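J.: Below is the file run27.cif, which contains mmCIF, C-alpha atoms and all ligand atoms.
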```
data_structure
#
loop_
_atom_site.label_atom_id
_atom_site.label_comp_id
_atom_site.auth_asym_id
_atom_site.auth_seq_id
_atom_site.Cartn_x
_atom_site.Cartn_y
_atom_site.Cartn_z
CA MET A 1 10.91 -13.03 3.54
CA TYR A 2 14.05 -14.70 2.23
CA PHE A 3 17.59 -14.56 3.61
CA GLY A 4 20.71 -16.26 2.30
CA PRO A 5 24.06 -15.33 0.80
CA GLY A 6 24.37 -11.57 0.34
CA TRP A 7 21.82 -10.94 3.13
CA TRP A 8 23.73 -7.79 4.12
CA LEU A 9 22.44 -6.14 0.94
CA LEU A 10 18.94 -6.26 2.45
CA VAL A 11 19.88 -4.43 5.66
CA PRO A 12 19.17 -0.84 4.44
CA GLY A 13 15.75 -1.98 3.18
CA MET A 14 14.96 -3.66 6.49
CA LEU A 15 15.98 -0.54 8.42
CA LEU A 16 13.80 1.68 6.21
CA MET A 17 10.85 -0.73 6.63
CA PHE A 18 11.32 -0.70 10.40
CA TRP A 19 11.51 3.12 10.45
CA ALA A 20 8.40 3.43 8.23
CA GLN A 21 6.47 1.07 10.54
CA THR A 22 7.36 3.14 13.62
CA GLN A 23 6.38 6.33 11.73
CA ILE A 24 2.94 5.11 10.70
CA LYS A 25 2.30 3.70 14.20
CA SER A 26 3.21 6.95 15.95
CA THR A 27 1.61 9.34 13.41
CA TYR A 28 -1.60 7.35 13.13
CA GLY A 29 -1.62 6.92 16.91
CA ARG A 30 -1.28 10.67 17.43
CA TYR A 31 -3.96 11.78 14.94
CA SER A 32 -6.43 9.09 15.90
CA GLN A 33 -6.54 10.96 19.24
CA VAL A 34 -7.25 14.33 17.57
CA ALA A 35 -10.99 14.81 17.06
CA SER A 36 -11.95 16.71 13.90
CA SER A 37 -13.91 19.90 14.60
CA LEU A 38 -16.80 19.01 12.26
CA GLY A 39 -17.30 15.67 14.06
CA VAL A 40 -17.70 13.56 10.91
CA THR A 41 -16.92 9.83 11.34
CA GLY A 42 -14.76 7.89 8.89
CA ALA A 43 -17.89 6.12 7.64
CA GLN A 44 -19.79 9.41 7.15
CA ALA A 45 -16.80 11.00 5.40
CA ALA A 46 -16.54 8.04 3.00
CA ARG A 47 -20.28 8.08 2.28
CA GLN A 48 -20.27 11.82 1.65
CA ILE A 49 -17.22 11.72 -0.66
CA LEU A 50 -18.64 8.81 -2.67
CA ASP A 51 -22.08 10.46 -2.98
CA ASN A 52 -20.58 13.82 -3.97
CA ASN A 53 -18.70 12.06 -6.77
CA GLY A 54 -21.65 10.10 -8.14
CA LEU A 55 -20.58 6.78 -6.55
CA ARG A 56 -23.77 6.03 -4.61
CA ASP A 57 -23.59 2.36 -5.59
CA ILE A 58 -20.30 1.85 -3.73
CA ALA A 59 -20.88 0.44 -0.24
CA VAL A 60 -19.04 1.44 2.94
CA GLU A 61 -18.52 -1.35 5.49
CA ALA A 62 -16.70 -1.85 8.79
CA VAL A 63 -14.08 -4.64 9.06
CA PRO A 64 -12.20 -5.93 12.12
CA GLY A 65 -8.50 -5.25 12.65
CA GLU A 66 -6.31 -2.17 12.95
CA LEU A 67 -5.48 -0.33 9.71
CA SER A 68 -7.18 -3.11 7.74
CA ASP A 69 -8.83 -0.38 5.62
CA HIS A 70 -8.98 -1.05 1.88
CA TYR A 71 -11.07 -0.62 -1.24
CA ASP A 72 -12.30 -3.84 -2.82
CA PRO A 73 -12.76 -3.21 -6.58
CA SER A 74 -14.49 -6.56 -7.23
CA ALA A 75 -17.13 -5.97 -4.52
CA LYS A 76 -17.23 -2.18 -5.21
CA THR A 77 -16.93 -1.65 -1.46
CA VAL A 78 -14.88 0.67 0.73
CA ARG A 79 -13.99 -1.30 3.88
CA LEU A 80 -12.89 0.68 6.91
CA SER A 81 -11.33 -0.76 10.07
CA GLU A 82 -13.75 -0.50 12.98
CA GLY A 83 -11.51 2.10 14.63
CA ASN A 84 -11.76 4.41 11.62
CA PHE A 85 -15.39 3.58 10.73
CA TYR A 86 -16.81 4.91 14.00
CA SER A 87 -14.17 7.51 14.88
CA THR A 88 -14.38 11.26 14.19
CA SER A 89 -10.58 11.64 14.40
CA VAL A 90 -8.44 13.39 11.82
CA ALA A 91 -6.72 10.04 11.11
CA ALA A 92 -10.05 8.24 10.56
CA VAL A 93 -11.25 10.88 8.07
CA ALA A 94 -7.87 10.85 6.26
CA VAL A 95 -7.81 7.05 5.87
CA ALA A 96 -11.48 6.92 4.81
CA ALA A 97 -10.85 9.59 2.15
CA HIS A 98 -7.76 7.69 0.93
CA GLU A 99 -9.81 4.52 0.37
CA CYS A 100 -12.43 6.61 -1.47
CA GLY A 101 -9.52 7.86 -3.60
CA HIS A 102 -9.05 4.24 -4.75
CA ALA A 103 -12.80 3.98 -5.50
CA LEU A 104 -12.50 7.13 -7.64
CA GLN A 105 -9.47 5.69 -9.44
CA ASP A 106 -11.51 2.58 -10.20
CA ALA A 107 -14.50 4.60 -11.45
CA LYS A 108 -12.29 6.77 -13.66
CA GLY A 109 -10.30 3.84 -15.08
CA TYR A 110 -6.99 5.10 -13.65
CA TRP A 111 -4.62 2.85 -15.63
CA PRO A 112 -1.85 2.19 -13.04
CA MET A 113 -4.56 0.62 -10.84
CA ASN A 114 -5.44 -1.80 -13.65
CA VAL A 115 -1.78 -2.65 -14.27
CA ARG A 116 -1.33 -3.26 -10.55
CA ALA A 117 -4.40 -5.55 -10.42
CA ALA A 118 -3.10 -7.52 -13.43
CA LEU A 119 0.25 -8.06 -11.70
CA VAL A 120 -1.20 -9.39 -8.42
CA PRO A 121 -1.19 -13.16 -9.28
CA VAL A 122 2.29 -13.24 -10.83
CA ALA A 123 3.64 -10.99 -8.04
CA ASN A 124 2.35 -13.36 -5.37
CA ILE A 125 4.06 -16.31 -7.04
CA GLY A 126 7.19 -14.31 -7.90
CA SER A 127 7.94 -13.09 -4.39
CA SER A 128 7.63 -16.56 -2.83
CA VAL A 129 8.68 -19.02 -5.57
CA GLY A 130 11.19 -16.78 -7.42
CA PRO A 131 14.00 -16.94 -4.81
CA MET A 132 13.46 -20.71 -4.35
CA LEU A 133 13.87 -21.31 -8.09
CA VAL A 134 17.08 -19.24 -8.11
CA MET A 135 18.52 -21.29 -5.23
CA ALA A 136 17.45 -24.58 -6.84
CA GLY A 137 19.07 -23.54 -10.12
CA ILE A 138 22.32 -22.70 -8.33
CA PHE A 139 22.47 -25.96 -6.33
CA PHE A 140 21.51 -28.28 -9.20
CA SER A 141 23.63 -27.26 -12.18
CA SER A 142 21.53 -29.27 -14.65
CA PHE A 143 18.59 -27.04 -13.69
CA SER A 144 20.50 -23.78 -14.08
CA PHE A 145 17.77 -22.40 -16.37
CA LEU A 146 15.66 -22.06 -13.21
CA VAL A 147 17.87 -19.17 -12.09
CA ASN A 148 16.68 -16.88 -14.87
CA ILE A 149 13.05 -17.98 -14.52
CA GLY A 150 13.20 -17.27 -10.78
CA ILE A 151 14.70 -13.83 -11.38
CA LEU A 152 12.07 -12.97 -14.02
CA LEU A 153 9.29 -14.00 -11.63
CA PHE A 154 10.79 -11.94 -8.83
CA ALA A 155 11.19 -8.96 -11.18
CA ALA A 156 7.41 -9.10 -11.75
CA ALA A 157 6.90 -8.90 -7.99
CA PHE A 158 9.21 -5.88 -7.87
CA LEU A 159 7.27 -4.27 -10.74
CA PHE A 160 4.08 -4.77 -8.72
CA HIS A 161 5.56 -2.75 -5.84
CA VAL A 162 6.72 -0.04 -8.27
CA VAL A 163 3.25 0.31 -9.83
CA THR A 164 1.71 0.39 -6.34
CA LEU A 165 3.52 3.68 -5.64
CA PRO A 166 1.64 5.97 -8.11
CA VAL A 167 -1.63 4.23 -7.15
CA GLU A 168 -1.09 5.00 -3.45
CA PHE A 169 0.30 8.54 -3.96
CA ASP A 170 -2.58 9.43 -6.28
CA ALA A 171 -5.22 8.10 -3.84
CA SER A 172 -3.71 10.22 -1.05
CA SER A 173 -3.47 13.39 -3.11
CA ARG A 174 -7.11 12.95 -4.17
CA ALA A 175 -8.05 12.35 -0.51
CA LEU A 176 -6.38 15.54 0.75
CA LYS A 177 -8.25 17.66 -1.84
CA LEU A 178 -11.56 15.94 -1.04
CA VAL A 179 -11.48 16.55 2.72
CA ASP A 180 -10.11 20.11 2.71
CA GLY A 181 -12.91 22.42 3.83
CA GLU A 182 -15.47 19.60 3.59
CA MET A 183 -14.65 17.33 6.55
CA LEU A 184 -11.44 18.83 7.90
CA GLN A 185 -10.63 22.44 8.64
CA GLY A 186 -7.40 24.46 8.88
CA GLU A 187 -4.59 22.61 10.64
CA GLU A 188 -6.50 19.35 10.61
CA ASN A 189 -5.56 19.10 6.93
CA GLN A 190 -1.86 19.09 7.87
CA GLY A 191 -2.58 16.23 10.28
CA ALA A 192 -4.27 14.26 7.51
CA ARG A 193 -1.29 14.90 5.23
CA LYS A 194 1.11 13.60 7.90
CA VAL A 195 -0.91 10.40 8.37
CA LEU A 196 -1.09 9.69 4.62
CA THR A 197 2.59 10.58 4.09
CA ALA A 198 3.61 8.14 6.83
CA ALA A 199 1.48 5.46 5.12
CA ALA A 200 3.15 6.25 1.78
CA TRP A 201 6.60 5.66 3.30
CA THR A 202 5.66 2.05 4.13
CA TYR A 203 5.06 1.48 0.39
CA VAL A 204 8.35 3.18 -0.51
CA ALA A 205 10.20 1.00 2.02
CA THR A 206 8.61 -2.20 0.71
CA THR A 207 9.58 -1.26 -2.86
CA LEU A 208 13.18 -0.54 -1.88
CA TYR A 209 13.35 -3.84 -0.01
CA SER A 210 12.05 -5.67 -3.07
CA LEU A 211 14.65 -3.91 -5.27
CA LEU A 212 17.45 -4.98 -2.90
CA GLN A 213 16.15 -8.56 -2.93
CA LEU A 214 16.24 -8.48 -6.72
CA GLY A 215 19.82 -7.17 -6.52
CA GLN A 216 20.69 -10.02 -4.15
CA LEU A 217 19.30 -12.60 -6.58
CA LEU A 218 21.23 -11.05 -9.49
CA MET A 219 24.39 -11.11 -7.37
CA LEU A 220 23.89 -14.84 -6.62
CA ARG A 221 23.36 -15.48 -10.33
CA ASN A 222 26.58 -13.70 -11.31
CA ASN A 223 28.68 -15.27 -8.53
CA ARG A 224 27.65 -18.86 -9.14
ZN ZN B 1 -4.20 2.81 -0.58
#
```
I need this file expressed as C-alpha cells, please.
Ligand SMILES: [Zn+2]

T.:
Amino acid sequence: MYFGPGWWLLVPGMLLMFWAQTQIKSTYGRYSQVASSLGVTGAQAARQILDNNGLRDIAVEAVPGELSDHYDPSAKTVRLSEGNFYSTSVAAVAVAAHECGHALQDAKGYWPMNVRAALVPVANIGSSVGPMLVMAGIFFSSFSFLVNIGILLFAAAFLFHVVTLPVEFDASSRALKLVDGEMLQGEENQGARKVLTAAAWTYVATTLYSLLQLGQLLMLRNNR
C-alpha cells in the first residue's frame, strides 16, 4: 500500500475495502454455521462437481488457513481451507463450488482467465515498483521519464484487477448453478449466493482502490 500527496483520493476506496471485509467476515461467519440439509462436505461437493463435469484428474486438497481456498491451474488442484474441506455448511459448499468454477474455466479455456494469468507478473511489479518510479521521477528531474514508466506499470496492475472481476463473477455464477438441487436445497441456495456476493465485493473494492491509486499517480504527474 502506498500513501503520499493526494492520499485523500484513496479514502473512498479504503472505506469500501473495509466495508467489503466486514461483509465477507460476517456473511461467511453466519453461513459457515448453517449446516446444509444434504450433509455434503466442501471436499465431497468439489469432488462430485469435478467428476460430473469430466474433471476426474483434478485433485481436491485441504490447505491451512481461513478462506485460503483457491484453484491452482498449474497443479490442476482445487485447494480448500481446512474449515471448508471438512465442513458440511452452506458456506463450505458455496466456496468449494466457486473454486470448481475456476477449474471449469481452465478446462474450457475461458479467455479472461488466461489474460489474468498473463498479467500476474507485470501486475506484481507494477503495484509495488510503479509508484516508487513515479516518485523518483518527480524528485529527480533528470529521470522524469520514470514517471510515465511507473504509471504504465501501475496501469497494468489496475488492468489485472479489472480482468479479475469477470473471472470471479463467472466462477460464482457457475457455482450457484452447479450446487442448486445437487448439494444445496431451497433457501440454502440464497445463503450460498450471499456468501459469494460478499466475496465478489472484496474484488470490486480492490479494483476501485487500484483505480483511485492510478488517479493519484496521474494527479502527481500533472501537478509536478
Ligand atoms: Zn475465485

J.: Record the distance separating atom CA of A:Gly109 and atom CA of A:Asp170, expressed in Å with one decimal.

T.: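 One can read the atom CA of A:Gly109 to atom CA of A:Asp170 distance as 13.0 Å.
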
J.: Rank A:Ser32, A:Ser128, A:Asn114, A:Asn52 by their smallest atom-to-atom distance to A:Cys100, using only C-alpha atoms, and report the top residue only.

T.: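 Once distances to A:Cys100 are computed over only C-alpha atoms, the minimum belongs to A:Asn52.
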
J.: Kindly provide, as a PDB file with C-alpha atoms, in the frame of the given file, all nucleotide and amino acid residues lying within 7 Å of ligand ZN 1 (chain B), counting all atoms listed in the file.

T.:
```pdb
ATOM      1  CA  HIS A  70      -8.980  -1.050   1.880  1.00  0.00           C
ATOM      2  CA  HIS A  98      -7.760   7.690   0.930  1.00  0.00           C
ATOM      3  CA  GLU A  99      -9.810   4.520   0.370  1.00  0.00           C
ATOM      4  CA  HIS A 102      -9.050   4.240  -4.750  1.00  0.00           C
ATOM      5  CA  GLU A 168      -1.090   5.000  -3.450  1.00  0.00           C
ATOM      6  CA  ALA A 171      -5.220   8.100  -3.840  1.00  0.00           C
TER       7      ALA A 171
END
```

J.: Using all atoms listed in the file, which of the listed residues (A:Leu165, A:Ile138, A:Val115, A:Leu104) sits closest to A:Ala205?

T.: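 Residue with the minimum atom-to-atom distance to A:Ala205: A:Leu165.
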
J.: With a distance cut-off of 12 Å and only C-alpha atoms, select the neighbouring residues of A:Val129, excluding the residue or stretch itself and same-chain residues fewer than 5 positions from it, and output the selection as a PyMOL selection string.

T.: chain A and resi 1-2+122-124+134-136+146-147+149-157

J.: For A:Lys194, list every protein, DNA or RNA residue within 10 Å, evaluated using all atoms listed in the file, and leave out those in the same chain fewer than 4 positions away; present the list as a PyMOL selection string.

T.: chain A and resi 23-24+27-28+31+91+94+188-190+198-200

J.: A:Gly65: which residues within 9 Å, counting only C-alpha atoms, same-chain residues fewer than 3 positions away excluded, as a count of residues only?

T.: 5

J.: Find the distance between atom CA of A:Ser142 and atom CA of A:Gly130 and write it in Å to one decimal.

T.: 17.8 Å

J.: I need the residue nearest A:Gly13 from this list: A:Gln216, A:Arg221, A:Thr207, A:Tyr110. Use all atoms listed in the file for the distance.

T.: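 Closest candidate: A:Thr207.
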
J.: Select, from A:Val90, A:Val162, A:Ala62, A:Ala175, the residue with the minimum atom-to-atom distance to A:Arg30, counting all atoms listed in the file.

T.: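 Residue with the minimum atom-to-atom distance to A:Arg30: A:Val90.
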
J.: Which residue is closest to A:Trp201? Choose from A:Phe169, A:Trp8, A:Arg116, A:Ala59 and count all atoms listed in the file.

T.: A:Phe169

J.: When distances are computed from only C-alpha atoms, which of A:Arg193, A:Lys177, A:Arg224, A:His161 shows the smallest separation from A:Pro112?

T.: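 Using only C-alpha atoms, A:Pro112 sits closest to A:His161.
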
J.: Kindly give the distance, in Å, that separates atom CA of A:Trp7 and atom CA of A:Leu211, rounded to a single decimal.

T.: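 So the answer is 13.1 Å.
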
J.: Identify, on the basis of all atoms listed in the file, every residue whose closest approach to A:Phe85 does not exceed 8 Å; exclude the query and any residue fewer than 3 positions from it along the same chain; express the result as a PyMOL selection string.

T.: chain A and resi 41-43+61-62+80-82+92+96

J.: Convert the current residue selection to file output with C-alpha atoms, as a PDB file, keeping the file's coordinate frame.

T.:
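Result file result.pdb:
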```
ATOM      1  CA  THR A  41     -16.920   9.830  11.340  1.00  0.00           C
ATOM      2  CA  GLY A  42     -14.760   7.890   8.890  1.00  0.00           C
ATOM      3  CA  ALA A  43     -17.890   6.120   7.640  1.00  0.00           C
ATOM      4  CA  GLU A  61     -18.520  -1.350   5.490  1.00  0.00           C
ATOM      5  CA  ALA A  62     -16.700  -1.850   8.790  1.00  0.00           C
ATOM      6  CA  LEU A  80     -12.890   0.680   6.910  1.00  0.00           C
ATOM      7  CA  SER A  81     -11.330  -0.760  10.070  1.00  0.00           C
ATOM      8  CA  GLU A  82     -13.750  -0.500  12.980  1.00  0.00           C
ATOM      9  CA  ALA A  92     -10.050   8.240  10.560  1.00  0.00           C
ATOM     10  CA  ALA A  96     -11.480   6.920   4.810  1.00  0.00           C
TER      11      ALA A  96
END
```

J.: Residues of stretch 111-213 of chain A within 10 Å of stretch 48-51 of chain A: nearest atom pair and distance (Å, one decimal) for each, counting only C-alpha atoms, sorted by chain and number, as JSON lines?

T.:
```
{"residue": "A:Ala175", "atom": "CA", "partner": "A:Ile49", "partner_atom": "CA", "distance": 9.2}
{"residue": "A:Leu178", "atom": "CA", "partner": "A:Ile49", "partner_atom": "CA", "distance": 7.1}
{"residue": "A:Val179", "atom": "CA", "partner": "A:Ile49", "partner_atom": "CA", "distance": 8.2}
{"residue": "A:Glu182", "atom": "CA", "partner": "A:Ile49", "partner_atom": "CA", "distance": 9.1}
{"residue": "A:Met183", "atom": "CA", "partner": "A:Gln48", "partner_atom": "CA", "distance": 9.3}
```

J.: Some atoms are missing, so please complete stretch 101-132 of chain A with N, CA and C atoms and return it as a PDB file, in the frame of the given file.

T.:
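Everything below was put into out22.pdb:
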```
ATOM      1  N   GLY A 101     -10.404   7.512  -2.481  1.00  0.00           N
ATOM      2  CA  GLY A 101      -9.520   7.860  -3.600  1.00  0.00           C
ATOM      3  C   GLY A 101      -9.323   6.666  -4.515  1.00  0.00           C
ATOM      4  N   HIS A 102      -9.180   5.467  -3.928  1.00  0.00           N
ATOM      5  CA  HIS A 102      -9.050   4.240  -4.750  1.00  0.00           C
ATOM      6  C   HIS A 102     -10.358   3.962  -5.501  1.00  0.00           C
ATOM      7  N   ALA A 103     -11.501   4.194  -4.838  1.00  0.00           N
ATOM      8  CA  ALA A 103     -12.800   3.980  -5.500  1.00  0.00           C
ATOM      9  C   ALA A 103     -12.934   4.919  -6.699  1.00  0.00           C
ATOM     10  N   LEU A 104     -12.464   6.153  -6.532  1.00  0.00           N
ATOM     11  CA  LEU A 104     -12.500   7.130  -7.640  1.00  0.00           C
ATOM     12  C   LEU A 104     -11.581   6.701  -8.774  1.00  0.00           C
ATOM     13  N   GLN A 105     -10.402   6.190  -8.419  1.00  0.00           N
ATOM     14  CA  GLN A 105      -9.470   5.690  -9.440  1.00  0.00           C
ATOM     15  C   GLN A 105     -10.156   4.599 -10.263  1.00  0.00           C
ATOM     16  N   ASP A 106     -10.827   3.695  -9.551  1.00  0.00           N
ATOM     17  CA  ASP A 106     -11.510   2.580 -10.200  1.00  0.00           C
ATOM     18  C   ASP A 106     -12.594   3.101 -11.151  1.00  0.00           C
ATOM     19  N   ALA A 107     -13.397   4.066 -10.654  1.00  0.00           N
ATOM     20  CA  ALA A 107     -14.500   4.600 -11.450  1.00  0.00           C
ATOM     21  C   ALA A 107     -13.987   5.327 -12.690  1.00  0.00           C
ATOM     22  N   LYS A 108     -12.817   5.966 -12.549  1.00  0.00           N
ATOM     23  CA  LYS A 108     -12.290   6.770 -13.660  1.00  0.00           C
ATOM     24  C   LYS A 108     -11.353   5.968 -14.553  1.00  0.00           C
ATOM     25  N   GLY A 109     -11.162   4.671 -14.255  1.00  0.00           N
ATOM     26  CA  GLY A 109     -10.300   3.840 -15.080  1.00  0.00           C
ATOM     27  C   GLY A 109      -8.841   4.282 -15.037  1.00  0.00           C
ATOM     28  N   TYR A 110      -8.391   4.682 -13.849  1.00  0.00           N
ATOM     29  CA  TYR A 110      -6.990   5.100 -13.650  1.00  0.00           C
ATOM     30  C   TYR A 110      -6.076   3.917 -13.996  1.00  0.00           C
ATOM     31  N   TRP A 111      -5.287   4.034 -15.069  1.00  0.00           N
ATOM     32  CA  TRP A 111      -4.620   2.850 -15.630  1.00  0.00           C
ATOM     33  C   TRP A 111      -3.583   2.184 -14.716  1.00  0.00           C
ATOM     34  N   PRO A 112      -2.796   2.933 -13.896  1.00  0.00           N
ATOM     35  CA  PRO A 112      -1.850   2.190 -13.040  1.00  0.00           C
ATOM     36  C   PRO A 112      -2.558   1.203 -12.097  1.00  0.00           C
ATOM     37  N   MET A 113      -3.805   1.535 -11.711  1.00  0.00           N
ATOM     38  CA  MET A 113      -4.560   0.620 -10.840  1.00  0.00           C
ATOM     39  C   MET A 113      -4.854  -0.687 -11.584  1.00  0.00           C
ATOM     40  N   ASN A 114      -5.160  -0.591 -12.868  1.00  0.00           N
ATOM     41  CA  ASN A 114      -5.440  -1.800 -13.650  1.00  0.00           C
ATOM     42  C   ASN A 114      -4.178  -2.629 -13.860  1.00  0.00           C
ATOM     43  N   VAL A 115      -3.062  -1.941 -14.105  1.00  0.00           N
ATOM     44  CA  VAL A 115      -1.780  -2.650 -14.270  1.00  0.00           C
ATOM     45  C   VAL A 115      -1.439  -3.383 -12.971  1.00  0.00           C
ATOM     46  N   ARG A 116      -1.635  -2.677 -11.865  1.00  0.00           N
ATOM     47  CA  ARG A 116      -1.330  -3.260 -10.550  1.00  0.00           C
ATOM     48  C   ARG A 116      -2.191  -4.515 -10.326  1.00  0.00           C
ATOM     49  N   ALA A 117      -3.485  -4.418 -10.625  1.00  0.00           N
ATOM     50  CA  ALA A 117      -4.400  -5.550 -10.420  1.00  0.00           C
ATOM     51  C   ALA A 117      -3.973  -6.739 -11.289  1.00  0.00           C
ATOM     52  N   ALA A 118      -3.516  -6.441 -12.520  1.00  0.00           N
ATOM     53  CA  ALA A 118      -3.100  -7.520 -13.430  1.00  0.00           C
ATOM     54  C   ALA A 118      -1.846  -8.215 -12.921  1.00  0.00           C
ATOM     55  N   LEU A 119      -1.019  -7.490 -12.178  1.00  0.00           N
ATOM     56  CA  LEU A 119       0.250  -8.060 -11.700  1.00  0.00           C
ATOM     57  C   LEU A 119       0.105  -8.874 -10.416  1.00  0.00           C
ATOM     58  N   VAL A 120      -1.046  -8.745  -9.729  1.00  0.00           N
ATOM     59  CA  VAL A 120      -1.200  -9.390  -8.420  1.00  0.00           C
ATOM     60  C   VAL A 120      -0.873 -10.893  -8.442  1.00  0.00           C
ATOM     61  N   PRO A 121      -1.466 -11.704  -9.349  1.00  0.00           N
ATOM     62  CA  PRO A 121      -1.190 -13.160  -9.280  1.00  0.00           C
ATOM     63  C   PRO A 121       0.276 -13.506  -9.494  1.00  0.00           C
ATOM     64  N   VAL A 122       0.894 -12.914 -10.534  1.00  0.00           N
ATOM     65  CA  VAL A 122       2.290 -13.240 -10.830  1.00  0.00           C
ATOM     66  C   VAL A 122       3.210 -12.689  -9.727  1.00  0.00           C
ATOM     67  N   ALA A 123       2.825 -11.562  -9.124  1.00  0.00           N
ATOM     68  CA  ALA A 123       3.640 -10.990  -8.040  1.00  0.00           C
ATOM     69  C   ALA A 123       3.620 -11.888  -6.817  1.00  0.00           C
ATOM     70  N   ASN A 124       2.449 -12.461  -6.519  1.00  0.00           N
ATOM     71  CA  ASN A 124       2.350 -13.360  -5.370  1.00  0.00           C
ATOM     72  C   ASN A 124       3.235 -14.581  -5.548  1.00  0.00           C
ATOM     73  N   ILE A 125       3.219 -15.146  -6.757  1.00  0.00           N
ATOM     74  CA  ILE A 125       4.060 -16.310  -7.040  1.00  0.00           C
ATOM     75  C   ILE A 125       5.529 -15.898  -7.042  1.00  0.00           C
ATOM     76  N   GLY A 126       5.806 -14.760  -7.722  1.00  0.00           N
ATOM     77  CA  GLY A 126       7.190 -14.310  -7.900  1.00  0.00           C
ATOM     78  C   GLY A 126       7.923 -14.055  -6.604  1.00  0.00           C
ATOM     79  N   SER A 127       7.237 -13.441  -5.629  1.00  0.00           N
ATOM     80  CA  SER A 127       7.940 -13.090  -4.390  1.00  0.00           C
ATOM     81  C   SER A 127       8.235 -14.327  -3.553  1.00  0.00           C
ATOM     82  N   SER A 128       7.392 -15.368  -3.662  1.00  0.00           N
ATOM     83  CA  SER A 128       7.630 -16.560  -2.830  1.00  0.00           C
ATOM     84  C   SER A 128       8.442 -17.625  -3.578  1.00  0.00           C
ATOM     85  N   VAL A 129       8.058 -17.924  -4.818  1.00  0.00           N
ATOM     86  CA  VAL A 129       8.680 -19.020  -5.570  1.00  0.00           C
ATOM     87  C   VAL A 129       9.977 -18.565  -6.263  1.00  0.00           C
ATOM     88  N   GLY A 130      10.024 -17.301  -6.687  1.00  0.00           N
ATOM     89  CA  GLY A 130      11.190 -16.780  -7.420  1.00  0.00           C
ATOM     90  C   GLY A 130      12.523 -17.089  -6.752  1.00  0.00           C
ATOM     91  N   PRO A 131      12.718 -16.674  -5.486  1.00  0.00           N
ATOM     92  CA  PRO A 131      14.000 -16.940  -4.810  1.00  0.00           C
ATOM     93  C   PRO A 131      14.304 -18.438  -4.679  1.00  0.00           C
ATOM     94  N   MET A 132      13.251 -19.249  -4.488  1.00  0.00           N
ATOM     95  CA  MET A 132      13.460 -20.710  -4.350  1.00  0.00           C
ATOM     96  C   MET A 132      13.987 -21.292  -5.662  1.00  0.00           C
TER      97      MET A 132
END
```
